[in-house]
Amino acid sequence: MPCWICRGEDLTLVRKGTRLEDLAAANFRVTDADYGRTGDIFRCQSCGFYQCSDFADVLQLYEKMDDLTYEETSSARSLQARKTLSTIGKFRASGRLLDVGAGSGILVGEAIKQGYQAEGIEPSKYLQSMAKKKDLPVCLGVLSEKEPEAKYDIVTLIDVIEHVSNPVELLSRIRHVLHPQGVAVVVTPDVGSFAARLLGWKWWHFRYAHIGYFDRKTFLLAIKNAGLRPIHVSRPTWYFSCDYLIERLATYIPTIAKLPLPSFIRNLIIPLNLFDSILVVCGRREATSEE
């Protein structure tokens with residue numbers, strides 16, 4: 001299988017995976033904490049992109065995936081969505097917004113509160129049903145190639161592109177539905193970051209659900225190959241409840257889970273920026289007459 005970014009055919013196995021006998025939808029939960037366990041990882045010798053070529057067809061697992069913890073951490077995720085929207089607001093303070101891989105509609109709901117005409121699309125039947133229960137406009141499925149009824153002023157793709165085997169195609173579809181003056185906001189983990197290099201294969205973003213691993217170079221190359229151009233590049237801050245963070249840290253330091261912290265501290269939401277994710281705001285690199 002060629003490289004998913006540059007189509008190069010010289011790929012080298014750099015890590016033998018810890019592949020399960022029977023890969024299940026549960027392994028692809030957003031909140032999965034089985035860090036350091038992946039499929040076989042290959043590195044493209046042309047552009048340096050890392051991909052799990054054997055996991056090219058995982059959409060059906062996402063369709064079947066449920067995630068109870070995702071909704072339980074909605075307070076922190078809502079704050080994260082508001083911070084993302086504050087970045088978007090510097091470029092587009094209003095308009096039609098599409099969230100691709102919308103989960104249970106948290107960003108969509110926050111965007112509607114801020115006056116955006118927002119909607120989302122999500123492949124997980126479970127997460128889409130959660131959005132429906134909240135009466136949020138999130139439809140079931142993936143972004144298609146068909147012509148939209150109207151172009152979008154903003155398209156968001158937050159921590160999604162590392163889950164797909166067609167990243168350039170997905171970005172091209174986003175370009176297709178984007179208004180000529182619109183912006184796309186794309187976020188993904190950075191395999192070239194200090195945190196990733198420090199932890200090696202134990203880095204928290206090495207897990208079954210992540211089948212493509214970008215650094216700044218390959219991320220910007222994918223954006224370019226999709227006909228988009230970067231306008232703004234930054235390192236986003238994430239937000240976690242203290243309880244959730246302790247649970248994740250226990251993967252590395254088991255004794256931390258035994259800390260006798262009072263409940264009010266465990267429920268505190270903590271901002272955390274380890275500079276191991278990249279946020280890119282981009283526009284269409286060109287606008288042709290037929291579009």
# chains A, B, ... in the order shown; residues from 1 in each chain; ligands from 1
>>> select_by_dssp(residues="region 59-119 of chain A", states="helix (DSSP H, G or I)", output="PyMOL selection string")
chain A and resi 59-64+68-72+74-89+106-113
>>> residues_around(residues="region 147-162 of chain A", least_positions_apart="3", cutoff="7 Å", atoms="only C-alpha atoms", output="list in words")
Gly95, Arg96, Leu97, Leu98, Asp99, Val100, Gly101, Pro167, Ile174, Val177, Leu178, His179, Gly182, Val183, Ala184, Val185, Val186, Val187, Thr188, His210, Ile211, Gly212 and Tyr213 of chain A
>>> residues_around(residues="Lys132 (chain A)", least_positions_apart="4", cutoff="12 Å", atoms="only C-alpha atoms", output="list of chain:residue names")
A:Ala102, A:Gly103, A:Ser104, A:Gly105, A:Ile106, A:Val108, A:Gly109, A:Glu119, A:Gly120, A:Ile121, A:Glu122, A:Lys125, A:Tyr126, A:Leu127, A:Gln128, A:Leu136, A:Pro137, A:Val138, A:Cys139, A:Leu140
>>> write_last_selection(atoms="N, CA and C atoms", output="mmCIF file, in the first residue's frame")
data_model
loop_
_atom_site.group_PDB
_atom_site.id
_atom_site.type_symbol
_atom_site.label_atom_id
_atom_site.label_comp_id
_atom_site.auth_asym_id
_atom_site.auth_seq_id
_atom_site.Cartn_x
_atom_site.Cartn_y
_atom_site.Cartn_z
ATOM 1 N N ALA A 102 -18.091 14.697 14.559
ATOM 2 C CA ALA A 102 -18.650 15.591 15.578
ATOM 3 C C ALA A 102 -18.905 14.929 16.922
ATOM 4 N N GLY A 103 -18.712 13.617 17.025
ATOM 5 C CA GLY A 103 -18.995 12.949 18.289
ATOM 6 C C GLY A 103 -20.446 13.137 18.686
ATOM 7 N N SER A 104 -20.682 13.511 19.923
ATOM 8 C CA SER A 104 -22.056 13.712 20.404
ATOM 9 C C SER A 104 -22.510 15.153 20.240
ATOM 10 N N GLY A 105 -21.783 15.920 19.435
ATOM 11 C CA GLY A 105 -22.240 17.266 19.082
ATOM 12 C C GLY A 105 -21.819 18.364 20.049
ATOM 13 N N ILE A 106 -20.782 18.142 20.817
ATOM 14 C CA ILE A 106 -20.379 19.127 21.826
ATOM 15 C C ILE A 106 -19.947 20.434 21.177
ATOM 16 N N VAL A 108 -20.640 21.418 18.121
ATOM 17 C CA VAL A 108 -21.814 21.944 17.409
ATOM 18 C C VAL A 108 -22.705 22.729 18.362
ATOM 19 N N GLY A 109 -22.973 22.162 19.538
ATOM 20 C CA GLY A 109 -23.826 22.836 20.514
ATOM 21 C C GLY A 109 -23.242 24.155 20.978
ATOM 22 N N GLU A 119 -23.701 22.539 12.270
ATOM 23 C CA GLU A 119 -24.167 21.159 12.166
ATOM 24 C C GLU A 119 -22.953 20.245 12.153
ATOM 25 N N GLY A 120 -23.178 18.947 12.276
ATOM 26 C CA GLY A 120 -22.064 18.014 12.313
ATOM 27 C C GLY A 120 -22.380 16.720 11.608
ATOM 28 N N ILE A 121 -21.348 15.906 11.442
ATOM 29 C CA ILE A 121 -21.501 14.578 10.856
ATOM 30 C C ILE A 121 -20.607 13.622 11.636
ATOM 31 N N GLU A 122 -21.131 12.433 11.953
ATOM 32 C CA GLU A 122 -20.442 11.502 12.843
ATOM 33 C C GLU A 122 -20.752 10.059 12.435
ATOM 34 N N LYS A 125 -22.788 5.314 15.468
ATOM 35 C CA LYS A 125 -24.232 5.328 15.703
ATOM 36 C C LYS A 125 -24.540 5.725 17.137
ATOM 37 N N TYR A 126 -23.699 5.280 18.060
ATOM 38 C CA TYR A 126 -23.915 5.601 19.471
ATOM 39 C C TYR A 126 -23.747 7.096 19.726
ATOM 40 N N LEU A 127 -22.632 7.682 19.289
ATOM 41 C CA LEU A 127 -22.386 9.090 19.552
ATOM 42 C C LEU A 127 -23.397 9.980 18.826
ATOM 43 N N GLN A 128 -23.773 9.582 17.610
ATOM 44 C CA GLN A 128 -24.774 10.366 16.884
ATOM 45 C C GLN A 128 -26.116 10.315 17.591
ATOM 46 N N LEU A 136 -29.427 18.063 18.788
ATOM 47 C CA LEU A 136 -28.387 18.767 18.037
ATOM 48 C C LEU A 136 -28.328 18.238 16.607
ATOM 49 N N PRO A 137 -28.095 19.113 15.633
ATOM 50 C CA PRO A 137 -28.095 18.716 14.217
ATOM 51 C C PRO A 137 -26.805 18.009 13.797
ATOM 52 N N VAL A 138 -26.689 16.750 14.216
ATOM 53 C CA VAL A 138 -25.547 15.914 13.832
ATOM 54 C C VAL A 138 -26.097 14.720 13.080
ATOM 55 N N CYS A 139 -25.705 14.577 11.824
ATOM 56 C CA CYS A 139 -26.223 13.458 11.034
ATOM 57 C C CYS A 139 -25.236 12.295 11.061
ATOM 58 N N LEU A 140 -25.734 11.115 10.779
ATOM 59 C CA LEU A 140 -24.945 9.891 10.825
ATOM 60 C C LEU A 140 -24.248 9.677 9.486
#
>>> select_by_dssp(residues="region 60-224 of chain A", states="strand (DSSP E)", output="JSON, numbers by chain")
{"A": [96, 97, 98, 99, 100, 117, 118, 119, 120, 121, 122, 138, 139, 140, 152, 153, 154, 155, 156, 157, 158, 178, 179, 180, 181, 182, 183, 184, 185, 186, 187, 188, 189, 212, 213]}
>>> write_last_selection(atoms="N, CA and C atoms", output="short mmCIF file (atom, residue, chain, number, x, y, z; two decimals), in the first residue's frame")
data_model
loop_
_atom_site.label_atom_id
_atom_site.label_comp_id
_atom_site.auth_asym_id
_atom_site.auth_seq_id
_atom_site.Cartn_x
_atom_site.Cartn_y
_atom_site.Cartn_z
N ARG A 96 -21.91 29.52 8.40
CA ARG A 96 -22.24 28.10 8.43
C ARG A 96 -21.02 27.31 8.84
N LEU A 97 -21.19 26.43 9.84
CA LEU A 97 -20.08 25.64 10.36
C LEU A 97 -20.43 24.16 10.28
N LEU A 98 -19.50 23.38 9.80
CA LEU A 98 -19.65 21.93 9.75
C LEU A 98 -18.53 21.30 10.57
N ASP A 99 -18.90 20.47 11.55
CA ASP A 99 -17.93 19.74 12.35
C ASP A 99 -17.89 18.30 11.86
N VAL A 100 -16.77 17.89 11.29
CA VAL A 100 -16.61 16.54 10.75
C VAL A 100 -16.02 15.64 11.84
N GLN A 117 -24.36 29.02 12.50
CA GLN A 117 -25.33 28.09 11.94
C GLN A 117 -24.58 26.76 11.80
N ALA A 118 -24.59 25.97 12.87
CA ALA A 118 -23.70 24.83 12.97
C ALA A 118 -24.42 23.50 12.82
N GLU A 119 -23.70 22.54 12.27
CA GLU A 119 -24.17 21.16 12.17
C GLU A 119 -22.95 20.24 12.15
N GLY A 120 -23.18 18.95 12.28
CA GLY A 120 -22.06 18.01 12.31
C GLY A 120 -22.38 16.72 11.61
N ILE A 121 -21.35 15.91 11.44
CA ILE A 121 -21.50 14.58 10.86
C ILE A 121 -20.61 13.62 11.64
N GLU A 122 -21.13 12.43 11.95
CA GLU A 122 -20.44 11.50 12.84
C GLU A 122 -20.75 10.06 12.44
N VAL A 138 -26.69 16.75 14.22
CA VAL A 138 -25.55 15.91 13.83
C VAL A 138 -26.10 14.72 13.08
N CYS A 139 -25.70 14.58 11.82
CA CYS A 139 -26.22 13.46 11.03
C CYS A 139 -25.24 12.29 11.06
N LEU A 140 -25.73 11.11 10.78
CA LEU A 140 -24.94 9.89 10.82
C LEU A 140 -24.25 9.68 9.49
N TYR A 152 -19.81 25.87 3.15
CA TYR A 152 -19.63 26.19 4.56
C TYR A 152 -18.57 27.27 4.73
N ASP A 153 -18.78 28.15 5.70
CA ASP A 153 -17.80 29.19 6.02
C ASP A 153 -16.69 28.65 6.89
N ILE A 154 -17.01 27.64 7.69
CA ILE A 154 -16.03 27.00 8.57
C ILE A 154 -16.25 25.49 8.56
N VAL A 155 -15.18 24.74 8.43
CA VAL A 155 -15.24 23.29 8.60
C VAL A 155 -14.19 22.91 9.64
N THR A 156 -14.60 22.16 10.64
CA THR A 156 -13.66 21.73 11.68
C THR A 156 -13.42 20.22 11.59
N LEU A 157 -12.18 19.85 11.83
CA LEU A 157 -11.75 18.45 11.82
C LEU A 157 -10.80 18.29 13.01
N ILE A 158 -11.38 18.07 14.18
CA ILE A 158 -10.63 18.09 15.43
C ILE A 158 -10.29 16.67 15.86
N LEU A 178 -16.07 23.83 1.21
CA LEU A 178 -15.71 25.09 1.84
C LEU A 178 -15.97 26.27 0.91
N HIS A 179 -16.57 27.32 1.45
CA HIS A 179 -16.75 28.56 0.70
C HIS A 179 -15.38 29.09 0.27
N PRO A 180 -15.28 29.72 -0.91
CA PRO A 180 -13.97 30.22 -1.37
C PRO A 180 -13.24 31.08 -0.34
N GLN A 181 -13.99 31.79 0.49
CA GLN A 181 -13.37 32.63 1.52
C GLN A 181 -13.45 31.98 2.91
N GLY A 182 -13.82 30.71 2.95
CA GLY A 182 -13.99 30.03 4.23
C GLY A 182 -12.67 29.51 4.80
N VAL A 183 -12.75 28.97 6.02
CA VAL A 183 -11.57 28.41 6.67
C VAL A 183 -11.86 27.01 7.20
N ALA A 184 -10.85 26.17 7.13
CA ALA A 184 -10.91 24.85 7.76
C ALA A 184 -9.97 24.86 8.95
N VAL A 185 -10.40 24.22 10.04
CA VAL A 185 -9.59 24.14 11.25
C VAL A 185 -9.32 22.66 11.52
N VAL A 186 -8.05 22.29 11.44
CA VAL A 186 -7.66 20.88 11.54
C VAL A 186 -6.67 20.72 12.69
N VAL A 187 -6.93 19.73 13.55
CA VAL A 187 -6.07 19.46 14.70
C VAL A 187 -5.67 17.99 14.69
N THR A 188 -4.41 17.72 14.99
CA THR A 188 -3.94 16.34 15.07
C THR A 188 -2.74 16.25 16.00
N PRO A 189 -2.47 15.08 16.60
CA PRO A 189 -1.25 14.91 17.40
C PRO A 189 0.00 15.06 16.54
N GLY A 212 -2.67 6.94 11.52
CA GLY A 212 -1.76 7.81 10.80
C GLY A 212 -1.12 8.78 11.78
N TYR A 213 0.19 9.01 11.65
CA TYR A 213 0.92 9.85 12.60
C TYR A 213 1.65 10.96 11.85
#
>>> residues_around(residues="Asn273 (chain A)", least_positions_apart="6", cutoff="7 Å", atoms="only C-alpha atoms", output="PyMOL selection string")
chain A and resi 236-238
>>> residues_around(residues="Arg248 (chain A)", least_positions_apart="2", cutoff="10 Å", atoms="only C-alpha atoms", output="mmCIF file with N, CA and C atoms, in the first residue's frame")
data_model
loop_
_atom_site.group_PDB
_atom_site.id
_atom_site.type_symbol
_atom_site.label_atom_id
_atom_site.label_comp_id
_atom_site.auth_asym_id
_atom_site.auth_seq_id
_atom_site.Cartn_x
_atom_site.Cartn_y
_atom_site.Cartn_z
ATOM 1 N N THR A 31 -11.993 7.665 24.219
ATOM 2 C CA THR A 31 -11.395 7.699 25.548
ATOM 3 C C THR A 31 -10.560 6.458 25.863
ATOM 4 N N ASP A 32 -10.273 5.643 24.866
ATOM 5 C CA ASP A 32 -9.448 4.457 25.095
ATOM 6 C C ASP A 32 -8.090 4.855 25.664
ATOM 7 N N ALA A 33 -7.622 4.141 26.678
ATOM 8 C CA ALA A 33 -6.348 4.466 27.332
ATOM 9 C C ALA A 33 -5.336 3.334 27.207
ATOM 10 N N ASP A 34 -5.469 2.523 26.181
ATOM 11 C CA ASP A 34 -4.548 1.412 25.981
ATOM 12 C C ASP A 34 -3.320 1.925 25.226
ATOM 13 N N TYR A 35 -2.595 2.835 25.863
ATOM 14 C CA TYR A 35 -1.487 3.523 25.220
ATOM 15 C C TYR A 35 -0.344 2.578 24.877
ATOM 16 N N TRP A 204 1.094 8.621 24.558
ATOM 17 C CA TRP A 204 -0.346 8.347 24.678
ATOM 18 C C TRP A 204 -1.101 8.367 23.362
ATOM 19 N N CYS A 242 -9.579 16.609 36.686
ATOM 20 C CA CYS A 242 -8.450 16.062 37.444
ATOM 21 C C CYS A 242 -8.579 14.540 37.566
ATOM 22 N N ASP A 243 -9.789 14.072 37.782
ATOM 23 C CA ASP A 243 -10.042 12.639 37.919
ATOM 24 C C ASP A 243 -9.656 11.885 36.646
ATOM 25 N N TYR A 244 -10.053 12.440 35.493
ATOM 26 C CA TYR A 244 -9.742 11.829 34.197
ATOM 27 C C TYR A 244 -8.234 11.818 33.966
ATOM 28 N N LEU A 245 -7.584 12.926 34.320
ATOM 29 C CA LEU A 245 -6.146 13.047 34.120
ATOM 30 C C LEU A 245 -5.388 12.049 34.989
ATOM 31 N N ILE A 246 -5.816 11.901 36.238
ATOM 32 C CA ILE A 246 -5.173 10.935 37.144
ATOM 33 C C ILE A 246 -5.319 9.519 36.598
ATOM 34 N N ALA A 250 -2.159 7.152 35.514
ATOM 35 C CA ALA A 250 -1.960 5.859 36.172
ATOM 36 C C ALA A 250 -1.450 4.796 35.204
ATOM 37 N N THR A 251 -1.629 5.034 33.911
ATOM 38 C CA THR A 251 -1.080 4.130 32.907
ATOM 39 C C THR A 251 0.441 4.091 33.001
ATOM 40 N N TYR A 252 1.028 5.234 33.358
ATOM 41 C CA TYR A 252 2.482 5.346 33.464
ATOM 42 C C TYR A 252 2.972 5.216 34.900
ATOM 43 N N ILE A 253 2.176 5.747 35.860
ATOM 44 C CA ILE A 253 2.557 5.721 37.276
ATOM 45 C C ILE A 253 1.377 5.127 38.055
ATOM 46 N N PRO A 254 1.288 3.822 38.172
ATOM 47 C CA PRO A 254 0.114 3.174 38.792
ATOM 48 C C PRO A 254 -0.229 3.691 40.186
ATOM 49 N N ILE A 256 -0.261 6.587 41.352
ATOM 50 C CA ILE A 256 -0.933 7.884 41.392
ATOM 51 C C ILE A 256 -2.441 7.724 41.565
ATOM 52 N N ALA A 257 -2.979 6.591 41.134
ATOM 53 C CA ALA A 257 -4.417 6.332 41.264
ATOM 54 C C ALA A 257 -4.853 6.196 42.721
#
>>> atom_distance(atom1="CA of Lys83 (chain A)", atom2="CA of Cys282 (chain A)")
17.6 Å
>>> closest_residue(among="A:Ser46, A:Thr255, A:Thr73, A:Asn267", to="Glu9 (chain A)", atoms="only C-alpha atoms")
A:Ser46
>>> residues_around(residues="Tyr62 (chain A)", least_positions_apart="3", cutoff="9 Å", atoms="only C-alpha atoms", output="list in words")
Ala25, Ala26, Phe28, Arg29, Val58, Leu59, Met65, Asp66, Pro123, Ser124 and Lys125 of chain A
